[in-house]
$ cat my_file-v7.txt   # compact mmCIF, C-alpha atoms
# COMPACT_ATOMS: atom_id res chain seq x y z
CA MET A 1 0.00 0.00 0.00
CA GLU A 2 1.42 3.38 -1.01
CA ARG A 3 1.51 5.59 2.08
CA THR A 4 1.20 9.36 1.92
CA HIS A 5 4.13 11.04 3.69
CA ILE A 6 2.88 14.04 5.70
CA ALA A 7 5.66 16.16 7.22
CA PHE A 8 5.34 18.93 9.80
CA PHE A 9 7.84 21.80 9.52
CA GLY A 10 8.36 25.01 11.46
CA ARG A 11 10.55 26.99 13.83
CA ARG A 12 11.39 25.81 17.33
CA ASN A 13 8.52 26.10 19.80
CA ALA A 14 5.99 26.83 17.08
CA GLY A 15 4.07 23.85 18.41
CA LYS A 16 4.90 21.28 15.70
CA SER A 17 5.19 18.34 18.06
CA SER A 18 2.06 19.29 20.00
CA LEU A 19 0.16 19.59 16.75
CA VAL A 20 1.48 16.23 15.53
CA ASN A 21 0.23 14.60 18.73
CA ARG A 22 -3.20 16.20 18.30
CA PHE A 23 -3.28 15.30 14.62
CA THR A 24 -2.50 11.63 15.28
CA SER A 25 -4.30 11.36 18.65
CA GLN A 26 -1.09 9.78 19.96
CA GLU A 27 1.91 10.87 21.98
CA LEU A 28 4.09 10.52 18.92
CA SER A 29 6.50 13.36 19.71
CA ILE A 30 8.04 14.59 22.93
CA VAL A 31 6.64 17.98 23.91
CA SER A 32 8.52 20.53 26.02
CA ASP A 33 8.75 24.26 26.55
CA VAL A 34 12.48 23.94 25.90
CA ALA A 35 13.35 25.10 22.39
CA GLY A 36 14.74 22.38 20.14
CA THR A 37 13.26 19.34 21.92
CA THR A 38 12.84 17.53 18.59
CA THR A 39 16.42 16.84 17.51
CA ASP A 40 15.86 14.30 14.72
CA PRO A 41 12.99 13.65 12.30
CA VAL A 42 10.45 11.37 13.99
CA ARG A 43 8.52 9.04 11.67
CA LYS A 44 5.37 7.10 12.46
CA THR A 45 3.64 4.71 10.06
CA MET A 46 -0.06 4.43 10.80
CA GLU A 47 -3.66 4.25 9.57
CA LEU A 48 -5.26 7.60 10.22
CA LEU A 49 -8.94 8.36 9.59
CA PRO A 50 -10.08 9.85 7.29
CA LEU A 51 -6.68 9.89 5.56
CA GLY A 52 -5.90 6.16 5.27
CA PRO A 53 -2.33 4.77 5.33
CA VAL A 54 0.17 7.53 6.09
CA VAL A 55 3.66 8.25 7.40
CA ILE A 56 3.69 11.18 9.81
CA ILE A 57 7.02 13.03 10.13
CA ASP A 58 7.86 15.54 12.86
CA THR A 59 11.00 17.54 12.04
CA PRO A 60 13.49 19.59 14.09
CA GLY A 61 13.11 23.36 14.13
CA ILE A 62 14.35 25.15 11.04
CA ASP A 63 15.77 27.98 13.15
CA ASP A 64 18.13 25.85 15.25
CA GLU A 65 21.53 27.31 16.16
CA GLY A 66 25.16 26.29 16.34
CA ALA A 67 27.03 23.53 14.51
CA LEU A 68 24.73 20.80 15.84
CA GLY A 69 21.70 22.95 15.10
CA ASN A 70 22.79 23.31 11.50
CA LEU A 71 22.97 19.54 11.18
CA ARG A 72 19.43 19.30 12.53
CA ILE A 73 18.23 21.89 10.03
CA GLU A 74 19.92 19.93 7.25
CA ARG A 75 18.05 16.80 8.32
CA SER A 76 14.78 18.71 8.28
CA ILE A 77 15.45 19.98 4.77
CA ARG A 78 16.31 16.47 3.58
CA VAL A 79 12.84 15.36 4.70
CA LEU A 80 11.49 17.42 1.79
CA ASP A 81 12.73 14.67 -0.53
CA GLU A 82 10.18 12.25 0.93
CA THR A 83 7.35 14.67 1.63
CA ASP A 84 4.07 14.26 -0.24
CA ILE A 85 2.20 16.88 1.81
CA ALA A 86 3.85 19.54 3.98
CA ILE A 87 2.28 21.24 6.98
CA LEU A 88 4.11 24.46 7.89
CA VAL A 89 3.39 25.30 11.52
CA VAL A 90 3.78 28.98 12.39
CA ASP A 91 3.74 30.47 15.88
CA GLY A 92 0.66 32.62 15.44
CA SER A 93 1.76 35.06 18.12
CA ILE A 94 4.92 35.87 16.12
CA GLY A 95 3.90 35.28 12.50
CA MET A 96 5.90 34.38 9.42
CA GLN A 97 9.67 34.75 9.65
CA ASP A 98 12.46 34.37 7.09
CA GLU A 99 12.75 30.63 7.80
CA GLU A 100 9.09 30.00 7.02
CA ASN A 101 9.22 32.07 3.85
CA ALA A 102 12.26 30.09 2.68
CA LEU A 103 10.37 26.85 3.28
CA VAL A 104 7.41 28.06 1.26
CA ASP A 105 9.83 28.72 -1.61
CA ALA A 106 11.28 25.22 -1.18
CA PHE A 107 7.78 23.68 -1.32
CA ALA A 108 7.04 25.58 -4.52
CA LYS A 109 10.34 24.58 -6.13
CA ARG A 110 9.67 20.90 -5.42
CA LYS A 111 5.94 21.23 -6.22
CA ILE A 112 5.00 19.90 -2.79
CA PRO A 113 1.41 20.72 -1.79
CA TYR A 114 1.37 22.38 1.62
CA LEU A 115 -0.88 23.87 4.27
CA LEU A 116 0.07 27.00 6.19
CA VAL A 117 -1.10 26.56 9.79
CA PHE A 118 -1.01 29.35 12.37
CA ASN A 119 -0.86 27.70 15.78
CA LYS A 120 -1.64 29.08 19.25
CA SER A 121 -5.04 30.55 18.39
CA ASP A 122 -5.60 30.67 22.15
CA LEU A 123 -3.17 33.63 22.21
CA ASP A 124 -3.29 37.04 20.53
CA LEU A 125 -2.40 36.40 16.90
CA VAL A 126 -0.64 38.62 14.44
CA ARG A 127 -2.23 39.12 11.03
CA VAL A 128 -3.04 35.73 9.50
CA PRO A 129 -2.60 35.37 5.71
CA GLU A 130 -5.72 34.52 3.72
CA ASN A 131 -4.31 31.14 2.65
CA ALA A 132 -3.58 30.07 6.24
CA MET A 133 -5.75 28.24 8.71
CA VAL A 134 -5.77 28.77 12.46
CA VAL A 135 -5.51 26.03 15.09
CA SER A 136 -4.72 25.56 18.75
CA ALA A 137 -2.68 22.46 19.51
CA LEU A 138 -3.10 23.27 23.21
CA LYS A 139 -6.90 23.22 23.10
CA GLY A 140 -7.36 20.89 20.14
CA GLU A 141 -9.15 23.52 18.06
CA GLY A 142 -9.10 23.29 14.27
CA ILE A 143 -7.59 19.79 14.21
CA GLU A 144 -10.48 18.10 12.43
CA GLU A 145 -10.57 20.83 9.79
CA LEU A 146 -6.83 20.33 9.27
CA LYS A 147 -7.37 16.60 8.73
CA GLU A 148 -10.16 17.31 6.28
CA ARG A 149 -7.96 19.66 4.25
CA VAL A 150 -5.17 17.09 4.15
CA ALA A 151 -7.71 14.46 3.05
CA VAL A 152 -8.75 16.69 0.14
CA ILE A 153 -5.12 16.98 -1.01
CA ILE A 154 -4.67 13.20 -0.77
CA LYS A 155 -7.77 12.62 -2.91
CA GLN A 156 -6.46 15.07 -5.51
CA ARG A 157 -3.12 13.29 -5.86
CA LYS A 158 -2.87 11.32 -9.08
CA THR A 159 -1.92 7.68 -8.60
CA ARG A 160 -0.74 5.27 -11.25
CA PRO A 161 -2.09 1.74 -11.52
CA LEU A 162 0.20 -1.07 -10.45
CA VAL A 163 -1.11 -3.89 -12.64
CA SER A 164 -4.91 -3.66 -12.68
CA ASP A 165 -4.99 -1.75 -15.98
CA LEU A 166 -3.12 -4.58 -17.71
CA VAL A 167 -5.72 -7.25 -16.93
CA GLU A 168 -9.46 -7.77 -17.12
CA GLU A 169 -11.94 -9.18 -14.65
CA GLY A 170 -11.65 -12.95 -14.52
CA ASP A 171 -8.11 -13.10 -15.97
CA LEU A 172 -5.75 -15.68 -14.52
CA VAL A 173 -2.41 -14.18 -13.48
CA VAL A 174 0.40 -16.43 -12.29
CA LEU A 175 2.75 -14.94 -9.70
CA VAL A 176 6.12 -16.63 -9.33
CA VAL A 177 7.56 -16.34 -5.82
CA PRO A 178 10.88 -18.18 -5.38
CA ILE A 179 11.57 -19.46 -1.89
CA ASP A 180 15.29 -19.41 -1.12
CA LYS A 181 17.56 -18.35 1.75
CA SER A 182 16.99 -14.68 1.00
CA ALA A 183 13.17 -14.97 1.03
CA PRO A 184 11.48 -13.73 4.24
CA LYS A 185 10.26 -16.56 6.42
CA ASP A 186 6.51 -17.23 6.37
CA ARG A 187 5.55 -14.07 4.49
CA LEU A 188 5.42 -12.42 1.08
CA ILE A 189 7.40 -9.25 0.40
CA LEU A 190 5.51 -6.00 -0.03
CA PRO A 191 5.47 -5.79 -3.89
CA GLN A 192 3.99 -9.29 -4.03
CA GLN A 193 1.30 -8.31 -1.54
CA MET A 194 0.55 -5.10 -3.45
CA VAL A 195 0.19 -6.92 -6.77
CA ILE A 196 -2.13 -9.53 -5.26
CA ARG A 197 -4.31 -6.84 -3.69
CA ASP A 198 -4.48 -4.86 -6.93
CA LEU A 199 -5.44 -7.95 -8.92
CA LEU A 200 -8.15 -8.89 -6.43
CA GLY A 201 -9.51 -5.35 -6.63
CA LYS A 202 -9.82 -5.72 -10.40
CA GLY A 203 -11.54 -9.08 -10.08
CA ALA A 204 -8.63 -10.94 -11.64
CA ILE A 205 -7.49 -14.30 -10.27
CA PRO A 206 -3.93 -14.44 -8.89
CA VAL A 207 -2.30 -17.86 -8.67
CA VAL A 208 0.87 -17.92 -6.56
CA VAL A 209 3.52 -20.59 -7.16
CA LYS A 210 7.21 -21.18 -6.57
CA ASP A 211 9.48 -21.20 -9.58
CA THR A 212 9.94 -24.94 -9.10
CA GLU A 213 6.20 -25.52 -9.66
CA LEU A 214 5.67 -22.99 -12.44
CA ALA A 215 5.68 -25.48 -15.33
CA ILE A 216 3.11 -27.67 -13.60
CA ALA A 217 0.92 -24.66 -12.79
CA LEU A 218 0.90 -23.46 -16.41
CA GLU A 219 -0.30 -26.89 -17.51
CA LYS A 220 -3.10 -27.06 -14.95
CA VAL A 221 -4.58 -23.58 -14.54
CA GLY A 222 -5.77 -23.04 -18.11
CA LYS A 223 -5.51 -19.82 -20.11
CA VAL A 224 -3.06 -17.43 -18.41
CA ARG A 225 -3.28 -13.68 -19.05
CA MET A 226 0.23 -12.92 -17.79
CA VAL A 227 3.06 -14.12 -15.54
CA ILE A 228 4.71 -11.90 -12.95
CA THR A 229 7.90 -13.14 -11.34
CA ASP A 230 10.58 -12.11 -8.93
CA SER A 231 13.27 -10.60 -11.14
CA GLN A 232 15.90 -12.92 -9.70
CA ALA A 233 14.18 -15.83 -11.43
CA PHE A 234 13.99 -14.20 -14.88
CA GLY A 235 16.51 -16.59 -16.42
CA LYS A 236 14.65 -19.71 -15.34
CA VAL A 237 11.10 -18.40 -15.68
CA SER A 238 11.56 -16.91 -19.17
CA LYS A 239 12.49 -20.37 -20.47
CA ILE A 240 9.33 -21.91 -19.01
CA VAL A 241 6.74 -19.28 -19.96
CA PRO A 242 5.68 -19.53 -23.64
CA PRO A 243 6.50 -16.37 -25.65
CA GLU A 244 2.83 -15.68 -26.33
CA ILE A 245 2.19 -15.14 -22.59
CA PRO A 246 3.23 -11.67 -21.37
CA LEU A 247 5.97 -11.83 -18.74
CA THR A 248 7.23 -9.15 -16.36
CA SER A 249 8.42 -8.77 -12.77
CA PHE A 250 7.30 -7.18 -9.53
CA SER A 251 10.27 -4.80 -9.71
CA ILE A 252 9.38 -3.60 -13.21
CA LEU A 253 5.77 -3.05 -12.19
CA MET A 254 7.02 -1.00 -9.23
CA ALA A 255 9.13 1.15 -11.57
CA ARG A 256 6.01 1.79 -13.64
CA PHE A 257 3.95 2.47 -10.50
CA LYS A 258 6.53 4.94 -9.17
CA GLY A 259 6.77 6.77 -12.50
CA ILE A 260 10.44 6.05 -13.25
CA LEU A 261 10.12 3.29 -15.87
CA ASP A 262 11.33 5.34 -18.86
CA GLN A 263 14.39 6.68 -17.04
CA SER A 264 15.20 3.20 -15.73
CA LEU A 265 15.01 1.72 -19.23
CA GLU A 266 17.36 4.39 -20.52
CA GLY A 267 19.74 3.88 -17.61
CA ALA A 268 20.02 0.14 -18.24
CA GLY A 269 21.81 0.88 -21.51
CA MET A 270 24.84 2.00 -19.49
CA LEU A 271 25.56 -1.66 -18.70
CA ASP A 272 26.92 -1.98 -22.25
CA LYS A 273 29.18 1.07 -21.90
CA LEU A 274 30.95 0.53 -18.59
CA ASN A 275 34.73 0.36 -18.55
CA ASP A 276 36.91 -1.60 -16.14
CA GLY A 277 37.06 0.10 -12.77
CA ALA A 278 33.76 1.95 -13.18
CA LYS A 279 31.96 2.69 -9.91
CA ILE A 280 28.42 1.37 -9.49
CA LEU A 281 26.08 2.36 -6.65
CA ILE A 282 23.56 -0.31 -5.66
CA SER A 283 20.86 1.21 -3.47
CA GLU A 284 17.98 -0.35 -1.56
CA GLY A 285 15.05 1.49 -0.03
CA CYS A 286 14.71 -0.85 2.94
CA THR A 287 17.05 -2.18 5.58
CA HIS A 288 17.28 -5.89 6.23
CA HIS A 289 19.71 -8.53 7.39
CA ARG A 290 22.10 -9.40 4.57
CA GLN A 291 21.93 -13.05 3.56
CA CYS A 292 24.65 -15.09 1.87
CA GLU A 293 22.62 -14.87 -1.37
CA ASP A 294 21.65 -11.22 -0.97
CA ILE A 295 20.57 -9.78 -4.31
CA GLY A 296 22.02 -6.30 -3.82
CA THR A 297 25.47 -7.08 -2.46
CA VAL A 298 26.09 -10.54 -3.92
CA LYS A 299 23.92 -11.56 -6.87
CA LEU A 300 23.77 -8.27 -8.80
CA PRO A 301 27.53 -7.62 -8.69
CA GLY A 302 28.12 -11.20 -9.85
CA TRP A 303 25.64 -10.93 -12.73
CA ILE A 304 27.09 -7.58 -13.81
CA ARG A 305 30.63 -8.94 -13.91
CA GLU A 306 29.44 -12.02 -15.81
CA TYR A 307 27.44 -9.95 -18.33
CA THR A 308 30.15 -7.38 -19.03
CA GLY A 309 33.26 -9.50 -18.56
CA ARG A 310 34.75 -6.58 -16.61
CA ASP A 311 35.50 -5.76 -12.99
CA PHE A 312 34.00 -2.79 -11.16
CA GLU A 313 33.98 -0.98 -7.86
CA PHE A 314 30.66 -1.32 -6.02
CA ALA A 315 29.16 0.86 -3.31
CA PHE A 316 25.98 0.10 -1.37
CA THR A 317 23.34 2.12 0.49
CA SER A 318 20.08 1.14 2.16
CA GLY A 319 17.07 2.71 3.81
CA LEU A 320 16.94 6.48 3.74
CA GLU A 321 20.66 6.69 2.96
CA PHE A 322 21.25 8.11 -0.50
CA PRO A 323 24.17 10.33 -1.50
CA VAL A 324 23.56 13.97 -2.28
CA ASP A 325 26.63 14.06 -4.53
CA LEU A 326 26.43 11.29 -7.14
CA SER A 327 29.22 12.57 -9.36
CA GLY A 328 31.61 9.77 -8.40
CA TYR A 329 29.37 7.04 -9.84
CA ASP A 330 29.04 5.76 -13.40
CA LEU A 331 25.74 3.92 -12.84
CA ILE A 332 23.11 3.60 -10.11
CA ILE A 333 20.97 0.49 -9.76
CA HIS A 334 18.05 0.87 -7.34
CA CYS A 335 15.70 -1.71 -5.88
CA GLY A 336 11.97 -1.67 -6.66
CA ALA A 337 11.57 0.94 -3.88
CA CYS A 338 8.42 -0.59 -2.43
CA MET A 339 9.31 0.85 0.99
CA LEU A 340 9.80 4.39 -0.33
CA GLY A 341 7.11 6.89 -1.23
CA GLU A 342 6.75 8.14 -4.78
CA THR A 343 8.18 11.54 -3.81
CA GLU A 344 11.34 10.00 -2.37
CA VAL A 345 11.84 7.78 -5.41
CA ALA A 346 11.26 10.67 -7.81
CA SER A 347 13.74 12.77 -5.84
CA ARG A 348 16.47 10.14 -6.15
CA TYR A 349 15.94 9.72 -9.86
CA ARG A 350 15.77 13.49 -10.36
CA LYS A 351 19.10 13.97 -8.57
CA ALA A 352 20.69 11.32 -10.78
CA LYS A 353 19.32 12.95 -13.93
CA GLU A 354 20.41 16.44 -12.88
CA GLN A 355 23.93 15.15 -12.24
CA GLY A 356 24.05 13.16 -15.47
CA ILE A 357 24.29 9.73 -13.83
CA PRO A 358 22.38 6.84 -15.52
CA MET A 359 20.00 5.12 -13.11
CA THR A 360 17.98 1.93 -13.46
CA ASN A 361 16.35 -0.61 -11.16
CA TYR A 362 16.90 -4.25 -10.24
CA GLY A 363 14.28 -5.84 -12.48
CA ILE A 364 15.16 -3.81 -15.56
CA ALA A 365 18.89 -4.38 -15.10
CA ILE A 366 18.37 -8.13 -14.67
CA GLY A 367 16.07 -8.27 -17.70
CA LYS A 368 18.75 -6.49 -19.71
CA MET A 369 21.47 -8.90 -18.61
CA LYS A 370 19.28 -11.94 -19.28
CA GLY A 371 18.56 -10.70 -22.82
CA ILE A 372 14.80 -10.40 -22.33
CA LEU A 373 14.34 -6.71 -21.51
CA GLY A 374 12.14 -6.06 -24.54
CA ARG A 375 9.90 -8.97 -23.70
CA VAL A 376 9.39 -8.10 -20.03
CA THR A 377 8.75 -4.37 -20.54
CA SER A 378 7.08 -3.92 -23.94
CA PHE A 379 3.49 -4.36 -22.78
CA THR A 380 3.99 -2.30 -19.61
CA ILE A 381 5.16 0.87 -21.38
CA GLU A 382 2.45 3.53 -21.49
$ encode --input "my_file-v7.txt" --output "structure tokens"
Amino acid sequence: MERTHIAFFGRRNAGKSSLVNRFTSQELSIVSDVAGTTTDPVRKTMELLPLGPVVIIDTPGIDDEGALGNLRIERSIRVLDETDIAILVVDGSIGMQDEENALVDAFAKRKIPYLLVFNKSDLDLVRVPENAMVVSALKGEGIEELKERVAVIIKQRKTRPLVSDLVEEGDLVVLVVPIDKSAPKDRLILPQQMVIRDLLGKGAIPVVVKDTELAIALEKVGKVRMVITDSQAFGKVSKIVPPEIPLTSFSILMARFKGILDQSLEGAGMLDKLNDGAKILISEGCTHHRQCEDIGTVKLPGWIREYTGRDFEFAFTSGLEFPVDLSGYDLIIHCGACMLGETEVASRYRKAKEQGIPMTNYGIAIGKMKGILGRVTSFTIE
């Protein structure tokens, strides 16, 4: 499920954390009269009525001081890269300052929808701009209206289909889920869950099998509309699935869903142009325990060396780690980014494009190296 990232910004003691707690009806953030109590971005994943699945982010004050304060401000600014909706909290008794005005400019530059919220309506307020709303985190006033306005923005956001537009009601879709040492025990990974849910919503019929049972399944289930596999199994699965049956992967569908399919396809071409000693960044959006057969740190580097016949220098990042300066890399290969919001993914790809660094994702890179990229992407291109 794609979660909307809602971030609260503002100066110290504007009441951000108090407002976050009112907004979520939880003690999510520590509240104190001491300026600068929030020292790091605080994230909370939750279901919040009437907004649905969200990630709430409380950020440090953008007017912090000193060397450590500057680092905190930098972390707050970096949150913009993952923000879908920004809430700028202003101390209503003081009004807009230079820091808030700079943030409004940053929202506009990144095209982030935002709400300007003047807090402390229980005090004497300075002049409130026409586009701002007034709340009191102390008394809980205006909180429901704030939620309703955020809900309107969420409904207005355009979302891409994951797979439902590629199938019809009643279609049989076979999902190939290999079970090896790197597979999570007793559960499906998020892209697999998302595809199943999207297919069920369309009225299609998902059939889930391991790669070792795929051939038997294709014989028994009847007419198959398409096959979706884990990209790691492309080599084996592409030999089993007849050419007349469309084939793709969860990772490629995620690239399409996140809006970075075209750039990823273009970036994959760099695999044919790399020279010995080139530096490749392999980045994952989640953090997990590395297994002996880990795709990012073990399998992909091995496949790249085998495909190119050359040796390279590899660097790895995970979670919210992603370099600001990408100039030292010749190619970036990213995971399917199921754990990252669309804004964060778009930000990473935009940075790569602005710095002239080719960027692709796991499924597209593997399809390229297995010689089937045209087959596994042709019917997914809009």
$ atom_distance --input "my_file-v7.txt" --atom1 "CA of Glu219 in chain A" --atom2 "CA of Ile366 in chain A"
26.6 Å
$ residues_around --input "my_file-v7.txt" --residues "range 76-91 of chain A" --least-positions-apart "6" --cutoff "8 Å" --atoms "all atoms listed in the file" --output "ChimeraX atom specification"
/A:4-11,13-16,40-41,59-62,100,107,112-120,150,153,340-345,347
$ residues_around --input "my_file-v7.txt" --residues "Thr229 in chain A" --least-positions-apart "5" --cutoff "8 Å" --atoms "only C-alpha atoms" --output "count of residues only"
9
$ closest_residue --input "my_file-v7.txt" --among "A:Ile295, A:Leu281, A:Ala346, A:Leu214" --to "His334 in chain A" --atoms "only C-alpha atoms"
A:Leu281
$ closest_residue --input "my_file-v7.txt" --among "A:Gly371, A:Ile189, A:Glu169, A:Asp230" --to "Gly203 in chain A" --atoms "only C-alpha atoms"
A:Glu169
$ decode --input "my_file-v7.txt" --residues "range 150-164 of chain A" --atoms "C-alpha atoms" --output "short mmCIF file (atom, residue, chain, number, x, y, z; two decimals), in the first residue's frame"
data_model
loop_
_atom_site.label_atom_id
_atom_site.label_comp_id
_atom_site.auth_asym_id
_atom_site.auth_seq_id
_atom_site.Cartn_x
_atom_site.Cartn_y
_atom_site.Cartn_z
CA VAL A 150 -5.17 17.09 4.15
CA ALA A 151 -7.71 14.46 3.05
CA VAL A 152 -8.75 16.69 0.14
CA ILE A 153 -5.12 16.98 -1.01
CA ILE A 154 -4.67 13.20 -0.77
CA LYS A 155 -7.77 12.62 -2.91
CA GLN A 156 -6.46 15.07 -5.51
CA ARG A 157 -3.12 13.29 -5.86
CA LYS A 158 -2.87 11.32 -9.08
CA THR A 159 -1.92 7.68 -8.60
CA ARG A 160 -0.74 5.27 -11.25
CA PRO A 161 -2.09 1.74 -11.52
CA LEU A 162 0.20 -1.07 -10.45
CA VAL A 163 -1.11 -3.89 -12.64
CA SER A 164 -4.91 -3.66 -12.68
#
